[in-house]
Amino acid sequence: MDRYVICGGERLSGQVKISGAKNAVLPILAGTLMTKNAVLKNVPNLSDVAYTVEILENLGMNITRENDKMNIINSGIVNTVLPTELCSKMRSSILFMGGMLASAGEVTIPYPGGCSLGNRPIDIHLKAVEKMGVEIAESSNGIYCKVRSLQGTKIKLPFPSVGATENIMLAGVLAKGETTISNCAIEPEIVDLAKFLNSIGAKISGAGTDTIVIKGVNELGGCCHRVIPDRIEAGTFMIAVAGAGGNVKIQDVIPEQLRPVISKLKEADVEVKEDENSVTVCSDGFIANTDIKTMPYPGFPTDMQAQFMGLMCGGLGTGIINETVFENRFMQVPEFIKMGADITIEGRCAVVKGVEKMKGAKVRATDLRAGAGLVITGLRAEGVTEITDIHYIDRGYENFDGKLRGIGADIIRINEQAVQ
Ligand code: EPZ
């Protein structure tokens with residue numbers, strides 16, 4: 001298993017380019033199940049994307065990639081049972097449900113394994129597709145879903161679930177009649193998925209608002225679509241600069257989508273300058289701790305919580321983090337405490353008392369964003385920090401250590417096999 005070794009204390013400077021958004025490209029790839037041919041640009045090089053491509057190829061798709069450009073040819077679905085091994089490696093295999101039901105009329109999805117963010121239920125997804133006429137049965141190798149023809153209907157979500165909104169959009173595109181999703185997610189990744197689906201002939205309106213309407217069509221064509229930049233990767237680099245200190249221009253971003261992180265960093269006395277498609281962060285490395293409450297977009301993103309916690313560990317004063325989206329997203333706390341952090345958890349809140357100096361230590365990534373938070377803390381900690389289980393980080397960050405070295409961080413990736 002690979003690990004990162006970081007020597008803290010280096011200030012960051014220069015510029016870094018943000019890659020395409022993981023949480024946009026994954027549902028869009030699921031949507032290619034309904035096309036004959038699609039070309040995607042700005043596709044990030046991530047392990048979750050690689051697993052998704054393997055699953056699509058297992059289902060019969062032909063996919064080639066050249067740098068950040070991906071060409072997908074769908075000559076027909078040959079298999080409707082998702083491979084368990086591959087699905088267990090990524091949390092979002094449920095996203096194949098809508099596209100498979102729309103294109104093949106059936107799918108068997110392995111039971112979603114728990115992960116460190118809680119048990120990741122899929123009840124909202126299943127209730128929604130049942131309303132569209134899908135029959136669901138539990139089988140030995142997963143959840144079996146079958147439908148003769150998807151029926152448009154009105155669905156009100158109990159919670160603006162990102163994945164459930166995406167699955168219903170995918171299922172509604174070829175359904176008979178009109179599907180309305182109310183109380184749906186309004187994340188930028190939802191808007192990008194709708195843009196991709198409309199470019200292949202879908203009739204979706206309202207994406208980005210709390211009510212989406214999908215008019216079912218009979219067939220779809222092909223398209224060329226550029227994936228939006230990853231607002232979570234961008235926010236992660238912004239917080240890294242805030243903590244380590246320095247002056248870095250973060251390029252290929254959509255500042256409007258970074259608003260919640262920008263305002264929190266400004267509250268913490270960090271300077272952020274916005275241009276049309278970049279933000280520049282300037283920091284002396286000292287930040288004033290503030291409170292954060294994670295909320296669905298446009299609130300503070302839950303996917304930025306661990307990174308901001310990593311910043312607050314060495315900030316001035318005390319801040320309270322209220323994690324309202326996931327039931328168990330503080331798995332990173334014991335690892336921060338190994339580095340000298342003063343954090344107490346009270347239910348879904350974490351009270352972070354900033355300490356003078358965080359110390360380098362041997363820690364492990366417990367999930368994708370927790371790993372990024374530990375890197376952020378290691379960049380500013382005294383001494384050397386070693387982070388193991390960085391395969392989690394590879395799920396959502398393309399060339400993370402390379403991009404950080406490019407702006408002056410002292411971080412290397414050690415490949416365990418090479419060392420033995
Ligand atoms: C998406 O996950 C993202 N993943 C997550 O990013 C992100 O944290 C999350 O949205 C919230 O923004 C992808 O897009 C691939 P949800 P998703 O359905 O769709 C509960 C990352 O770090 N819920 O909005 O799984 C659920 O347990 C990842 O990039 C149900 O109870 O999120 C959670 O508490 C992590 N029943 C809450 O809703 C359901 O059927 C939010 O989940 C579905 C969800």
# chains A, B, ... in the order shown; residues from 1 in each chain; ligands from 1

$ residues_around --residues "Glu416 of chain A" --least-positions-apart "5" --cutoff "9 Å" --atoms "only C-alpha atoms" --output "list in words"
Met1, Asp2 and Arg3 of chain A

$ residues_near_ligand --ligand "ligand 1" --cutoff "6 Å" --atoms "only C-alpha atoms and all ligand atoms" --output "number ranges by chain"
A: 23, 92, 120-125, 161-164, 302-303, 325-327, 368-369

$ closest_residue --among "A:Thr318, A:Gln307, A:Gln332, A:Asn198" --to "Ala288 of chain A" --atoms "only C-alpha atoms"
A:Thr318

$ residues_around --residues "Leu126 of chain A" --least-positions-apart "2" --cutoff "12 Å" --atoms "only C-alpha atoms" --output "JSON, numbers by chain"
{"A": [94, 95, 97, 98, 109, 121, 122, 123, 124, 128, 129, 130, 131, 132, 133, 134, 135, 136, 137, 138, 143, 144, 145, 146, 155, 157, 163, 164, 165, 167, 168, 171]}

$ select_by_dssp --residues "segment 105-350 of chain A" --states "alpha helix (DSSP H)" --output "NGL selection string"
:A and (123-131 or 162-172 or 188-199 or 231-244 or 259-267 or 305-312 or 333-338)

$ closest_residue --among "A:Glu10, A:Glu166, A:Asp48, A:Glu335" --to "His391 of chain A" --atoms "only C-alpha atoms"
A:Asp48

$ select_by_dssp --residues "segment 55-211 of chain A" --states "strand (DSSP E or B)" --output "PyMOL selection string"
chain A and resi 61-66+69-74+81+106-109+115+118+135-139+142-146+151+154-156+176+178-182+203-205+207+209+211

$ residues_around --residues "Ile200 of chain A" --least-positions-apart "2" --cutoff "8 Å" --atoms "only C-alpha atoms" --output "PyMOL selection string"
chain A and resi 35+196-198+202+220-223

$ residues_around --residues "segment 377-387 of chain A" --least-positions-apart "5" --cutoff "10 Å" --atoms "only C-alpha atoms" --output "PyMOL selection string"
chain A and resi 2-12+239-245+285+307-314+335-336+339-341+357-365+371-372+404+409-414

$ atom_distance --atom1 "atom CA of Glu233 of chain A" --atom2 "atom CA of Ile18 of chain A"
6.8 Å

$ residues_around --residues "Asn141 of chain A" --least-positions-apart "4" --cutoff "9 Å" --atoms "only C-alpha atoms" --output "list in words"
Val81, Thr84, Thr108, Ile109, Pro110 and Tyr111 of chain A

$ write_last_selection --atoms "N, CA and C atoms" --output "tab-separated table (two decimals), in the first residue's frame"
chain	number	residue	atom	x	y	z
A	81	VAL	N	-25.79	-7.79	-14.61
A	81	VAL	CA	-25.40	-8.03	-13.21
A	81	VAL	C	-24.10	-7.29	-12.95
A	84	THR	N	-19.54	-7.60	-8.44
A	84	THR	CA	-19.48	-7.30	-7.01
A	84	THR	C	-18.14	-6.70	-6.59
A	108	THR	N	-28.94	-6.00	-11.62
A	108	THR	CA	-28.68	-6.55	-10.28
A	108	THR	C	-27.50	-5.78	-9.69
A	109	ILE	N	-27.76	-5.14	-8.57
A	109	ILE	CA	-26.74	-4.29	-7.94
A	109	ILE	C	-26.30	-4.93	-6.63
A	110	PRO	N	-24.99	-5.17	-6.47
A	110	PRO	CA	-24.51	-5.74	-5.19
A	110	PRO	C	-24.95	-4.83	-4.04
A	111	TYR	N	-25.19	-5.44	-2.87
A	111	TYR	CA	-25.56	-4.63	-1.71
A	111	TYR	C	-24.47	-3.60	-1.45
